[in-house]
Amino acid sequence: MKANEIYDLFNIQVIEYHKTDSIDSEQRLPYSAGTFEALLWEKSWVDTVQWHLEDLVRPDDVEPAYALTLKRRIDRSNQHRTDLVERIDDHFYRQFREVPPQSDARLNTETPAWAIDRLSILALKIYHFDIETHRGDNAHRAKCQAKLDTLLTQRADLTTAIDQLLEDLAAGRRVMKLYRQMKMYNDPSLNPSLYKQ
């Protein structure tokens, strides 16, 4: 899959979510379970729900008990998001693990899945900034349009960079390595605030 196709999948998912615009909506998976596309769709769904969870916790007048419930849900979502990114990287690792690296092959600062993670968030930003270009006064719309233009440039650059990374991995010009995030905050055996309870 090319990066623009991945972006299009994310964008369709974001539009699908906003048909109900509810953090408690049931995800409607348009792909067969177990496929790479289904994994990407789930990743985008988690990002979209989390985007809106973060919005709900921001107002100054949010009830403290509800804010704590949202914060705990955001923490669980963050862990799920990380797990999905690692599963996406597993997909790429299986794809490229037999490629012999060239003698001058280089490492990359991030894995393909973490770049794709940024693409998923970018789809959300573009969707929401586009809405803002049609709302408010002229000054607000112009400011948001300038930001949207920057985001669209970032999308073009990021999709190109992802495609180049995948091409380099396939040709052995880059080395595919897996690094796990090893989050500690959700692990009761690693977070002192949890294991000291």
# chains A, B, ... in the order shown; residues from 1 in each chain; ligands from 1

$ select_by_dssp --residues "range 14-89 of chain A" --states "helix (DSSP H, G or I)" --output "VMD selection string"
chain A and resid 14 to 17 36 to 57 64 to 89

$ write_last_selection --atoms "C-alpha atoms" --output "PDB file, in the first residue's frame"
ATOM      1  CA  VAL A  14     -12.440  10.019  10.181  1.00  0.00           C
ATOM      2  CA  ILE A  15     -15.459  10.919   8.030  1.00  0.00           C
ATOM      3  CA  GLU A  16     -17.192   7.693   9.095  1.00  0.00           C
ATOM      4  CA  TYR A  17     -16.605   8.456  12.790  1.00  0.00           C
ATOM      5  CA  PHE A  36      -3.621  -4.957   7.129  1.00  0.00           C
ATOM      6  CA  GLU A  37      -6.387  -2.547   6.105  1.00  0.00           C
ATOM      7  CA  ALA A  38      -8.472  -3.580   9.118  1.00  0.00           C
ATOM      8  CA  LEU A  39      -5.479  -2.926  11.378  1.00  0.00           C
ATOM      9  CA  LEU A  40      -5.003   0.545   9.875  1.00  0.00           C
ATOM     10  CA  TRP A  41      -8.727   1.287  10.234  1.00  0.00           C
ATOM     11  CA  GLU A  42      -8.683   0.272  13.910  1.00  0.00           C
ATOM     12  CA  LYS A  43      -5.606   2.436  14.502  1.00  0.00           C
ATOM     13  CA  SER A  44      -7.326   5.431  12.941  1.00  0.00           C
ATOM     14  CA  TRP A  45     -10.514   4.743  14.925  1.00  0.00           C
ATOM     15  CA  VAL A  46      -8.589   4.703  18.214  1.00  0.00           C
ATOM     16  CA  ASP A  47      -6.847   7.963  17.282  1.00  0.00           C
ATOM     17  CA  THR A  48     -10.130   9.626  16.368  1.00  0.00           C
ATOM     18  CA  VAL A  49     -11.891   8.590  19.558  1.00  0.00           C
ATOM     19  CA  GLN A  50      -8.899   9.681  21.610  1.00  0.00           C
ATOM     20  CA  TRP A  51      -8.840  13.061  19.825  1.00  0.00           C
ATOM     21  CA  HIS A  52     -12.391  13.634  21.039  1.00  0.00           C
ATOM     22  CA  LEU A  53     -11.710  12.298  24.527  1.00  0.00           C
ATOM     23  CA  GLU A  54      -8.937  14.889  24.787  1.00  0.00           C
ATOM     24  CA  ASP A  55     -11.416  17.590  23.717  1.00  0.00           C
ATOM     25  CA  LEU A  56     -13.915  16.540  26.394  1.00  0.00           C
ATOM     26  CA  VAL A  57     -11.399  16.769  29.227  1.00  0.00           C
ATOM     27  CA  PRO A  64     -13.674  16.467  38.279  1.00  0.00           C
ATOM     28  CA  ALA A  65     -14.974  12.902  38.588  1.00  0.00           C
ATOM     29  CA  TYR A  66     -15.865  12.854  34.882  1.00  0.00           C
ATOM     30  CA  ALA A  67     -12.445  14.325  34.016  1.00  0.00           C
ATOM     31  CA  LEU A  68     -10.768  11.516  35.944  1.00  0.00           C
ATOM     32  CA  THR A  69     -12.891   8.933  34.130  1.00  0.00           C
ATOM     33  CA  LEU A  70     -11.857  10.502  30.819  1.00  0.00           C
ATOM     34  CA  LYS A  71      -8.194  10.608  31.854  1.00  0.00           C
ATOM     35  CA  ARG A  72      -8.222   6.911  32.708  1.00  0.00           C
ATOM     36  CA  ARG A  73      -9.887   6.150  29.382  1.00  0.00           C
ATOM     37  CA  ILE A  74      -7.252   8.246  27.580  1.00  0.00           C
ATOM     38  CA  ASP A  75      -4.499   6.270  29.331  1.00  0.00           C
ATOM     39  CA  ARG A  76      -6.038   2.984  28.189  1.00  0.00           C
ATOM     40  CA  SER A  77      -6.450   4.410  24.695  1.00  0.00           C
ATOM     41  CA  ASN A  78      -2.800   5.469  24.595  1.00  0.00           C
ATOM     42  CA  GLN A  79      -1.729   1.941  25.457  1.00  0.00           C
ATOM     43  CA  HIS A  80      -4.065   0.482  22.820  1.00  0.00           C
ATOM     44  CA  ARG A  81      -2.722   2.977  20.268  1.00  0.00           C
ATOM     45  CA  THR A  82       0.860   1.948  21.047  1.00  0.00           C
ATOM     46  CA  ASP A  83      -0.052  -1.725  20.781  1.00  0.00           C
ATOM     47  CA  LEU A  84      -1.600  -1.119  17.358  1.00  0.00           C
ATOM     48  CA  VAL A  85       1.461   0.778  16.127  1.00  0.00           C
ATOM     49  CA  GLU A  86       3.623  -2.135  17.200  1.00  0.00           C
ATOM     50  CA  ARG A  87       1.346  -4.553  15.331  1.00  0.00           C
ATOM     51  CA  ILE A  88       1.692  -2.397  12.204  1.00  0.00           C
ATOM     52  CA  ASP A  89       5.460  -2.544  12.610  1.00  0.00           C
TER      53      ASP A  89
END

$ residues_around --residues "range 98-102 of chain A" --least-positions-apart "6" --cutoff "10 Å" --atoms "only C-alpha atoms" --output "PDB file with N, CA and C atoms, in the first residue's frame"
ATOM      1  N   ASP A 168      13.221   2.049   0.452  1.00  0.00           N
ATOM      2  CA  ASP A 168      14.580   1.804   0.945  1.00  0.00           C
ATOM      3  C   ASP A 168      14.665   0.499   1.729  1.00  0.00           C
ATOM      4  N   LEU A 169      13.645   0.208   2.521  1.00  0.00           N
ATOM      5  CA  LEU A 169      13.627  -1.056   3.269  1.00  0.00           C
ATOM      6  C   LEU A 169      13.559  -2.243   2.308  1.00  0.00           C
ATOM      7  N   ALA A 170      12.744  -2.129   1.272  1.00  0.00           N
ATOM      8  CA  ALA A 170      12.601  -3.216   0.301  1.00  0.00           C
ATOM      9  C   ALA A 170      13.893  -3.442  -0.480  1.00  0.00           C
ATOM     10  N   ALA A 171      14.678  -2.384  -0.665  1.00  0.00           N
ATOM     11  CA  ALA A 171      15.924  -2.488  -1.431  1.00  0.00           C
ATOM     12  C   ALA A 171      17.147  -2.745  -0.550  1.00  0.00           C
ATOM     13  N   GLY A 172      16.942  -2.783   0.768  1.00  0.00           N
ATOM     14  CA  GLY A 172      18.073  -3.015   1.667  1.00  0.00           C
ATOM     15  C   GLY A 172      18.911  -1.780   1.936  1.00  0.00           C
ATOM     16  N   ARG A 173      18.424  -0.603   1.534  1.00  0.00           N
ATOM     17  CA  ARG A 173      19.162   0.640   1.796  1.00  0.00           C
ATOM     18  C   ARG A 173      18.954   1.131   3.230  1.00  0.00           C
ATOM     19  N   ARG A 174      17.890   0.642   3.858  1.00  0.00           N
ATOM     20  CA  ARG A 174      17.601   0.918   5.272  1.00  0.00           C
ATOM     21  C   ARG A 174      17.391  -0.418   5.964  1.00  0.00           C
ATOM     22  N   VAL A 175      17.631  -0.439   7.254  1.00  0.00           N
ATOM     23  CA  VAL A 175      17.486  -1.658   8.038  1.00  0.00           C
ATOM     24  C   VAL A 175      16.222  -1.542   8.875  1.00  0.00           C
ATOM     25  N   MET A 176      15.389  -2.572   8.836  1.00  0.00           N
ATOM     26  CA  MET A 176      14.162  -2.602   9.634  1.00  0.00           C
ATOM     27  C   MET A 176      14.475  -3.228  10.984  1.00  0.00           C
TER      28      MET A 176
END

$ atom_distance --atom1 "CA of Asn4 in chain A" --atom2 "CA of Trp114 in chain A"
15.7 Å

$ atom_distance --atom1 "CA of Arg180 in chain A" --atom2 "CA of Arg94 in chain A"
15.6 Å

$ residues_around --residues "Arg155 in chain A" --least-positions-apart "5" --cutoff "9 Å" --atoms "only C-alpha atoms" --output "ChimeraX atom specification"
/A:4,7,119,122-123,126,150,160

$ closest_residue --among "A:Ala115, A:Asp8, A:Leu107, A:Asp24" --to "Ala161 in chain A" --atoms "only C-alpha atoms"
A:Ala115
